[in-house]
>>> print(open('input_18.pdb').read())   # PDB, C-alpha atoms
MODEL        1
ATOM      1  CA  MET A   1      39.463 -63.193 130.270  1.00  0.00           C
ATOM      2  CA  TRP A   2      36.132 -63.091 132.144  1.00  0.00           C
ATOM      3  CA  ASN A   3      33.524 -65.460 130.834  1.00  0.00           C
ATOM      4  CA  VAL A   4      30.170 -65.778 132.576  1.00  0.00           C
ATOM      5  CA  ASP A   5      28.729 -68.194 130.016  1.00  0.00           C
ATOM      6  CA  SER A   6      29.488 -71.276 132.100  1.00  0.00           C
ATOM      7  CA  LEU A   7      27.901 -72.983 135.084  1.00  0.00           C
ATOM      8  CA  TRP A   8      30.724 -71.681 137.260  1.00  0.00           C
ATOM      9  CA  PHE A   9      28.877 -68.377 137.327  1.00  0.00           C
ATOM     10  CA  GLU A  10      25.860 -70.026 138.990  1.00  0.00           C
ATOM     11  CA  ILE A  11      28.132 -71.879 141.396  1.00  0.00           C
ATOM     12  CA  ALA A  12      29.819 -68.599 142.335  1.00  0.00           C
ATOM     13  CA  ILE A  13      26.512 -66.777 142.852  1.00  0.00           C
ATOM     14  CA  VAL A  14      25.060 -69.543 145.062  1.00  0.00           C
ATOM     15  CA  SER A  15      28.303 -69.755 147.035  1.00  0.00           C
ATOM     16  CA  ILE A  16      28.366 -65.989 147.580  1.00  0.00           C
ATOM     17  CA  VAL A  17      24.719 -65.931 148.690  1.00  0.00           C
ATOM     18  CA  ILE A  18      25.263 -68.820 151.129  1.00  0.00           C
ATOM     19  CA  ALA A  19      28.492 -67.277 152.448  1.00  0.00           C
ATOM     20  CA  LEU A  20      26.860 -63.893 153.015  1.00  0.00           C
ATOM     21  CA  GLY A  21      23.918 -65.599 154.672  1.00  0.00           C
ATOM     22  CA  GLN A  22      26.236 -67.439 157.044  1.00  0.00           C
ATOM     23  CA  ILE A  23      28.250 -64.309 157.805  1.00  0.00           C
ATOM     24  CA  LEU A  24      25.208 -62.126 158.461  1.00  0.00           C
ATOM     25  CA  PHE A  25      22.753 -64.660 159.881  1.00  0.00           C
ATOM     26  CA  GLY A  26      24.927 -67.569 161.008  1.00  0.00           C
ATOM     27  CA  HIS A  27      24.217 -66.799 164.653  1.00  0.00           C
ATOM     28  CA  PHE A  28      20.656 -67.997 164.005  1.00  0.00           C
ATOM     29  CA  GLU A  29      22.035 -71.430 163.134  1.00  0.00           C
ATOM     30  CA  GLU A  30      24.561 -71.815 165.933  1.00  0.00           C
ATOM     31  CA  ARG A  31      23.002 -75.071 167.158  1.00  0.00           C
ATOM     32  CA  THR A  32      22.341 -76.535 163.698  1.00  0.00           C
ATOM     33  CA  PRO A  33      24.613 -79.481 162.846  1.00  0.00           C
ATOM     34  CA  ARG A  34      27.310 -78.772 160.271  1.00  0.00           C
ATOM     35  CA  ALA A  35      26.119 -81.682 158.147  1.00  0.00           C
ATOM     36  CA  LYS A  36      22.704 -80.046 157.812  1.00  0.00           C
ATOM     37  CA  LYS A  37      24.292 -76.736 156.774  1.00  0.00           C
ATOM     38  CA  LEU A  38      26.431 -78.520 154.186  1.00  0.00           C
ATOM     39  CA  ALA A  39      23.414 -80.451 152.895  1.00  0.00           C
ATOM     40  CA  LYS A  40      21.455 -77.199 152.504  1.00  0.00           C
ATOM     41  CA  TYR A  41      24.295 -75.658 150.510  1.00  0.00           C
ATOM     42  CA  LEU A  42      24.670 -78.685 148.251  1.00  0.00           C
ATOM     43  CA  LEU A  43      20.904 -78.931 147.734  1.00  0.00           C
ATOM     44  CA  PHE A  44      20.602 -75.280 146.680  1.00  0.00           C
ATOM     45  CA  LEU A  45      23.693 -75.552 144.513  1.00  0.00           C
ATOM     46  CA  GLY A  46      22.330 -78.628 142.774  1.00  0.00           C
ATOM     47  CA  LEU A  47      18.902 -77.073 142.282  1.00  0.00           C
ATOM     48  CA  VAL A  48      20.235 -73.825 140.854  1.00  0.00           C
ATOM     49  CA  VAL A  49      22.708 -75.559 138.529  1.00  0.00           C
ATOM     50  CA  GLY A  50      20.047 -78.065 137.463  1.00  0.00           C
ATOM     51  CA  ILE A  51      17.478 -75.350 136.772  1.00  0.00           C
ATOM     52  CA  SER A  52      20.108 -73.388 134.859  1.00  0.00           C
ATOM     53  CA  CYS A  53      20.932 -76.413 132.692  1.00  0.00           C
ATOM     54  CA  LEU A  54      17.299 -77.252 131.996  1.00  0.00           C
ATOM     55  CA  PHE A  55      15.612 -73.855 131.829  1.00  0.00           C
ATOM     56  CA  GLY A  56      18.341 -71.220 131.603  1.00  0.00           C
ATOM     57  CA  ARG A  57      20.125 -68.765 133.846  1.00  0.00           C
ATOM     58  CA  VAL A  58      17.196 -66.364 134.237  1.00  0.00           C
ATOM     59  CA  MET A  59      14.998 -69.122 135.677  1.00  0.00           C
ATOM     60  CA  ALA A  60      17.810 -70.283 137.979  1.00  0.00           C
ATOM     61  CA  MET A  61      18.405 -66.780 139.351  1.00  0.00           C
ATOM     62  CA  GLY A  62      14.648 -66.333 139.693  1.00  0.00           C
ATOM     63  CA  PHE A  63      14.482 -69.537 141.726  1.00  0.00           C
ATOM     64  CA  LEU A  64      17.334 -68.336 143.940  1.00  0.00           C
ATOM     65  CA  PHE A  65      15.532 -65.028 144.530  1.00  0.00           C
ATOM     66  CA  ILE A  66      12.233 -66.748 145.304  1.00  0.00           C
ATOM     67  CA  ALA A  67      14.007 -69.172 147.655  1.00  0.00           C
ATOM     68  CA  MET A  68      15.224 -66.191 149.706  1.00  0.00           C
ATOM     69  CA  LEU A  69      11.719 -64.799 150.250  1.00  0.00           C
ATOM     70  CA  PRO A  70      10.783 -67.188 153.099  1.00  0.00           C
ATOM     71  CA  ALA A  71      13.981 -66.256 154.956  1.00  0.00           C
ATOM     72  CA  LEU A  72      13.190 -62.564 154.560  1.00  0.00           C
ATOM     73  CA  TYR A  73       9.641 -63.170 155.804  1.00  0.00           C
ATOM     74  CA  ILE A  74      10.919 -65.040 158.865  1.00  0.00           C
ATOM     75  CA  HIS A  75      13.554 -62.434 159.768  1.00  0.00           C
ATOM     76  CA  MET A  76      11.485 -59.331 159.009  1.00  0.00           C
ATOM     77  CA  ILE A  77       7.977 -60.372 160.086  1.00  0.00           C
ATOM     78  CA  MET A  78       7.707 -63.639 161.994  1.00  0.00           C
ATOM     79  CA  LEU A  79      10.583 -63.231 164.465  1.00  0.00           C
ATOM     80  CA  PRO A  80       9.658 -59.645 165.459  1.00  0.00           C
ATOM     81  CA  ARG A  81       6.075 -60.818 166.082  1.00  0.00           C
ATOM     82  CA  LYS A  82       7.489 -63.318 168.578  1.00  0.00           C
ATOM     83  CA  GLY A  83       9.478 -60.574 170.322  1.00  0.00           C
ATOM     84  CA  ILE A  84      12.782 -61.621 168.755  1.00  0.00           C
ATOM     85  CA  ASN A  85      15.061 -59.201 166.926  1.00  0.00           C
ATOM     86  CA  GLY A  86      15.227 -60.443 163.323  1.00  0.00           C
ATOM     87  CA  TRP A  87      18.772 -59.177 162.873  1.00  0.00           C
ATOM     88  CA  THR A  88      20.447 -60.232 166.153  1.00  0.00           C
ATOM     89  CA  GLY A  89      18.271 -63.119 167.351  1.00  0.00           C
ATOM     90  CA  GLU A  90      17.925 -61.600 170.793  1.00  0.00           C
ATOM     91  CA  PRO A  91      16.722 -62.320 173.377  1.00  0.00           C
ATOM     92  CA  LYS A  92      18.372 -65.702 172.983  1.00  0.00           C
ATOM     93  CA  SER A  93      15.971 -67.396 175.407  1.00  0.00           C
ATOM     94  CA  LYS A  94      12.963 -66.534 173.211  1.00  0.00           C
ATOM     95  CA  TYR A  95      14.816 -67.552 170.055  1.00  0.00           C
ATOM     96  CA  TYR A  96      15.872 -70.880 171.574  1.00  0.00           C
ATOM     97  CA  ASP A  97      12.253 -71.473 172.615  1.00  0.00           C
ATOM     98  CA  TYR A  98      11.137 -70.634 169.074  1.00  0.00           C
ATOM     99  CA  ARG A  99      13.610 -73.113 167.585  1.00  0.00           C
ATOM    100  CA  LYS A 100      12.855 -75.662 170.362  1.00  0.00           C
ATOM    101  CA  TRP A 101      16.532 -75.823 171.298  1.00  0.00           C
ATOM    102  CA  ASP A 102      17.787 -76.639 174.769  1.00  0.00           C
ATOM    103  CA  LYS A 103      18.883 -73.423 176.485  1.00  0.00           C
ATOM    104  CA  ASP A 104      21.439 -75.208 178.664  1.00  0.00           C
ATOM    105  CA  ILE A 105      24.332 -75.055 176.179  1.00  0.00           C
ATOM    106  CA  PHE A 106      26.929 -75.935 178.820  1.00  0.00           C
ATOM    107  CA  ARG A 107      25.351 -79.247 179.775  1.00  0.00           C
ATOM    108  CA  ASN A 108      27.536 -82.326 179.250  1.00  0.00           C
ATOM    109  CA  GLU A 109      25.974 -84.682 176.739  1.00  0.00           C
TER
ENDMDL
END
>>> encode(input="input_18.pdb", output="structure tokens")
Amino acid sequence: MWNVDSLWFEIAIVSIVIALGQILFGHFEERTPRAKKLAKYLLFLGLVVGISCLFGRVMAMGFLFIAMLPALYIHMIMLPRKGINGWTGEPKSKYYDYRKWDKDIFRNE
């Protein structure tokens, strides 16, 4: 019944990682356009599936793990150094300054 010997396994793993990332850390990307989020998902999905096809599943999962290291570094080291909570993104004013976003979110554009 369960068969993990297909590329659907890689697709499921990437989708789960991206979904968990959005659930847990989506508030860090609240001002990021949806198209950019979708492009990031499709890029990682394509890379992982491509690496799996060319070099095998172990290399693809290794790439996925290594690709998460910069995010961990940013949330655990860089943001706290700037006075921003790496889990909640607070205070928002410092985080918006860090991302160079406009703090006036209620302005009519």
>>> residues_around(input="input_18.pdb", residues="Asn85 of chain A", least_positions_apart="6", cutoff="12 Å", atoms="all atoms listed in the file", output="PyMOL selection string")
chain A and resi 25+28+74-79+91-95
>>> write_last_selection(input="input_18.pdb", atoms="C-alpha atoms", output="JSON list (two decimals), in the frame of the given file")
[["chain", "number", "residue", "atom", "x", "y", "z"],
["A", 25, "PHE", "CA", 22.75, -64.66, 159.88],
["A", 28, "PHE", "CA", 20.66, -68.00, 164.00],
["A", 74, "ILE", "CA", 10.92, -65.04, 158.86],
["A", 75, "HIS", "CA", 13.55, -62.43, 159.77],
["A", 76, "MET", "CA", 11.48, -59.33, 159.01],
["A", 77, "ILE", "CA", 7.98, -60.37, 160.09],
["A", 78, "MET", "CA", 7.71, -63.64, 161.99],
["A", 79, "LEU", "CA", 10.58, -63.23, 164.46],
["A", 91, "PRO", "CA", 16.72, -62.32, 173.38],
["A", 92, "LYS", "CA", 18.37, -65.70, 172.98],
["A", 93, "SER", "CA", 15.97, -67.40, 175.41],
["A", 94, "LYS", "CA", 12.96, -66.53, 173.21],
["A", 95, "TYR", "CA", 14.82, -67.55, 170.06]]
>>> closest_residue(input="input_18.pdb", among="A:Asp104, A:Gly86, A:Tyr41, A:Ser15", to="His27 of chain A", atoms="only C-alpha atoms")
A:Gly86
>>> closest_residue(input="input_18.pdb", among="A:Ile23, A:Cys53, A:Glu29, A:Val58", to="Leu7 of chain A", atoms="only C-alpha atoms")
A:Cys53
>>> axis_aligned_box(input="input_18.pdb", around="segment 42-45 of chain A", padding_each_side="5 Å", output="AutoDock Vina command-line options")
--center_x 22.6 --center_y -77.1 --center_z 146.4 --size_x 14.1 --size_y 13.7 --size_z 13.7
>>> resolve_selection(input="input_18.pdb", expression="the PyMOL selection byres ((chain A and resi 13) around 12)", output="mmCIF file with C-alpha atoms, in the coordinates of the input")
data_model
loop_
_atom_site.group_PDB
_atom_site.id
_atom_site.type_symbol
_atom_site.label_atom_id
_atom_site.label_comp_id
_atom_site.auth_asym_id
_atom_site.auth_seq_id
_atom_site.Cartn_x
_atom_site.Cartn_y
_atom_site.Cartn_z
ATOM 1 C CA VAL A 4 30.170 -65.778 132.576
ATOM 2 C CA LEU A 7 27.901 -72.983 135.084
ATOM 3 C CA TRP A 8 30.724 -71.681 137.260
ATOM 4 C CA PHE A 9 28.877 -68.377 137.327
ATOM 5 C CA GLU A 10 25.860 -70.026 138.990
ATOM 6 C CA ILE A 11 28.132 -71.879 141.396
ATOM 7 C CA ALA A 12 29.819 -68.599 142.335
ATOM 8 C CA VAL A 14 25.060 -69.543 145.062
ATOM 9 C CA SER A 15 28.303 -69.755 147.035
ATOM 10 C CA ILE A 16 28.366 -65.989 147.580
ATOM 11 C CA VAL A 17 24.719 -65.931 148.690
ATOM 12 C CA ILE A 18 25.263 -68.820 151.129
ATOM 13 C CA ALA A 19 28.492 -67.277 152.448
ATOM 14 C CA LEU A 20 26.860 -63.893 153.015
ATOM 15 C CA TYR A 41 24.295 -75.658 150.510
ATOM 16 C CA PHE A 44 20.602 -75.280 146.680
ATOM 17 C CA LEU A 45 23.693 -75.552 144.513
ATOM 18 C CA VAL A 48 20.235 -73.825 140.854
ATOM 19 C CA VAL A 49 22.708 -75.559 138.529
ATOM 20 C CA ARG A 57 20.125 -68.765 133.846
ATOM 21 C CA ALA A 60 17.810 -70.283 137.979
ATOM 22 C CA MET A 61 18.405 -66.780 139.351
ATOM 23 C CA LEU A 64 17.334 -68.336 143.940
ATOM 24 C CA PHE A 65 15.532 -65.028 144.530
#
>>> closest_residue(input="input_18.pdb", among="A:Glu90, A:Lys82, A:Tyr98, A:Gln22", to="Leu38 of chain A", atoms="only C-alpha atoms")
A:Gln22
>>> atom_distance(input="input_18.pdb", atom1="atom CA of Leu24 of chain A", atom2="atom CA of Trp87 of chain A")
8.3 Å
>>> atom_distance(input="input_18.pdb", atom1="atom CA of Lys37 of chain A", atom2="atom CA of Met68 of chain A")
15.6 Å
>>> decode(input="input_18.pdb", residues="segment 69-100 of chain A", atoms="N, CA, C and O atoms", output="short mmCIF file (atom, residue, chain, number, x, y, z; two decimals), in the first residue's frame")
data_model
loop_
_atom_site.label_atom_id
_atom_site.label_comp_id
_atom_site.auth_asym_id
_atom_site.auth_seq_id
_atom_site.Cartn_x
_atom_site.Cartn_y
_atom_site.Cartn_z
N LEU A 69 19.65 25.60 6.90
CA LEU A 69 20.63 26.16 7.83
C LEU A 69 20.67 27.69 7.82
O LEU A 69 20.74 28.29 8.89
N PRO A 70 20.63 28.37 6.66
CA PRO A 70 20.61 29.83 6.71
C PRO A 70 19.40 30.39 7.46
O PRO A 70 19.52 31.37 8.20
N ALA A 71 18.24 29.76 7.30
CA ALA A 71 17.04 30.22 8.01
C ALA A 71 17.23 30.05 9.52
O ALA A 71 16.87 30.94 10.30
N LEU A 72 17.79 28.94 9.93
CA LEU A 72 18.06 28.73 11.36
C LEU A 72 19.05 29.77 11.88
O LEU A 72 18.87 30.31 12.97
N TYR A 73 20.08 30.06 11.11
CA TYR A 73 21.06 31.07 11.51
C TYR A 73 20.40 32.44 11.68
O TYR A 73 20.63 33.13 12.67
N ILE A 74 19.55 32.80 10.72
CA ILE A 74 18.88 34.10 10.79
C ILE A 74 17.98 34.18 12.01
O ILE A 74 18.03 35.15 12.77
N HIS A 75 17.16 33.14 12.25
CA HIS A 75 16.19 33.19 13.34
C HIS A 75 16.84 33.02 14.71
O HIS A 75 16.35 33.57 15.70
N MET A 76 17.92 32.26 14.80
CA MET A 76 18.51 31.96 16.10
C MET A 76 19.66 32.89 16.47
O MET A 76 19.94 33.07 17.65
N ILE A 77 20.32 33.49 15.48
CA ILE A 77 21.51 34.30 15.79
C ILE A 77 21.36 35.73 15.30
O ILE A 77 21.50 36.68 16.09
N MET A 78 21.08 35.93 14.02
CA MET A 78 21.09 37.27 13.47
C MET A 78 19.97 38.16 14.01
O MET A 78 20.23 39.30 14.41
N LEU A 79 18.74 37.67 14.03
CA LEU A 79 17.64 38.49 14.53
C LEU A 79 17.81 38.85 16.01
O LEU A 79 17.63 40.02 16.37
N PRO A 80 18.16 37.91 16.90
CA PRO A 80 18.36 38.31 18.29
C PRO A 80 19.48 39.34 18.47
O PRO A 80 19.40 40.20 19.34
N ARG A 81 20.51 39.29 17.62
CA ARG A 81 21.56 40.31 17.69
C ARG A 81 21.04 41.70 17.37
O ARG A 81 21.56 42.69 17.86
N LYS A 82 19.99 41.76 16.54
CA LYS A 82 19.39 43.04 16.17
C LYS A 82 18.31 43.46 17.15
O LYS A 82 17.63 44.46 16.94
N GLY A 83 18.10 42.68 18.22
CA GLY A 83 17.08 43.00 19.21
C GLY A 83 15.69 42.55 18.80
O GLY A 83 14.71 43.07 19.29
N ILE A 84 15.63 41.57 17.91
CA ILE A 84 14.34 41.06 17.42
C ILE A 84 14.20 39.61 17.87
O ILE A 84 15.13 38.82 17.73
N ASN A 85 13.05 39.28 18.42
CA ASN A 85 12.79 37.91 18.83
C ASN A 85 12.72 37.03 17.59
O ASN A 85 11.92 37.26 16.69
N GLY A 86 13.56 36.00 17.53
CA GLY A 86 13.63 35.13 16.36
C GLY A 86 12.44 34.21 16.19
O GLY A 86 12.29 33.59 15.14
N TRP A 87 11.61 34.11 17.19
CA TRP A 87 10.42 33.25 17.11
C TRP A 87 9.16 34.07 16.78
O TRP A 87 8.33 33.64 16.02
N THR A 88 9.05 35.27 17.37
CA THR A 88 7.83 36.07 17.19
C THR A 88 8.00 37.24 16.25
O THR A 88 7.01 37.81 15.79
N GLY A 89 9.23 37.67 15.98
CA GLY A 89 9.45 38.81 15.11
C GLY A 89 9.11 40.13 15.76
O GLY A 89 8.82 41.12 15.09
N GLU A 90 9.16 40.17 17.07
CA GLU A 90 8.83 41.40 17.80
C GLU A 90 10.10 42.00 18.39
O GLU A 90 11.02 41.26 18.72
N PRO A 91 10.18 43.26 18.53
CA PRO A 91 9.20 44.29 18.16
C PRO A 91 9.11 44.47 16.64
O PRO A 91 10.11 44.42 15.93
N LYS A 92 7.88 44.63 16.19
CA LYS A 92 7.61 44.72 14.75
C LYS A 92 8.36 45.89 14.11
O LYS A 92 8.80 45.80 12.98
N SER A 93 8.48 47.01 14.83
CA SER A 93 9.14 48.17 14.24
C SER A 93 10.59 47.86 13.89
O SER A 93 11.07 48.23 12.81
N LYS A 94 11.30 47.14 14.76
CA LYS A 94 12.69 46.77 14.46
C LYS A 94 12.75 45.76 13.32
O LYS A 94 13.63 45.84 12.46
N TYR A 95 11.80 44.82 13.31
CA TYR A 95 11.80 43.82 12.23
C TYR A 95 11.50 44.48 10.89
O TYR A 95 12.12 44.15 9.89
N TYR A 96 10.53 45.40 10.87
CA TYR A 96 10.22 46.09 9.61
C TYR A 96 11.42 46.92 9.15
O TYR A 96 11.70 47.00 7.96
N ASP A 97 12.13 47.54 10.08
CA ASP A 97 13.35 48.26 9.71
C ASP A 97 14.38 47.30 9.13
O ASP A 97 15.04 47.61 8.14
N TYR A 98 14.53 46.15 9.75
CA TYR A 98 15.48 45.14 9.29
C TYR A 98 15.16 44.68 7.87
O TYR A 98 16.04 44.53 7.03
N ARG A 99 13.88 44.47 7.59
CA ARG A 99 13.46 44.03 6.26
C ARG A 99 13.30 45.19 5.28
O ARG A 99 13.01 44.98 4.12
N LYS A 100 13.45 46.42 5.76
CA LYS A 100 13.28 47.64 4.96
C LYS A 100 11.86 47.74 4.39
O LYS A 100 11.65 48.13 3.24
#
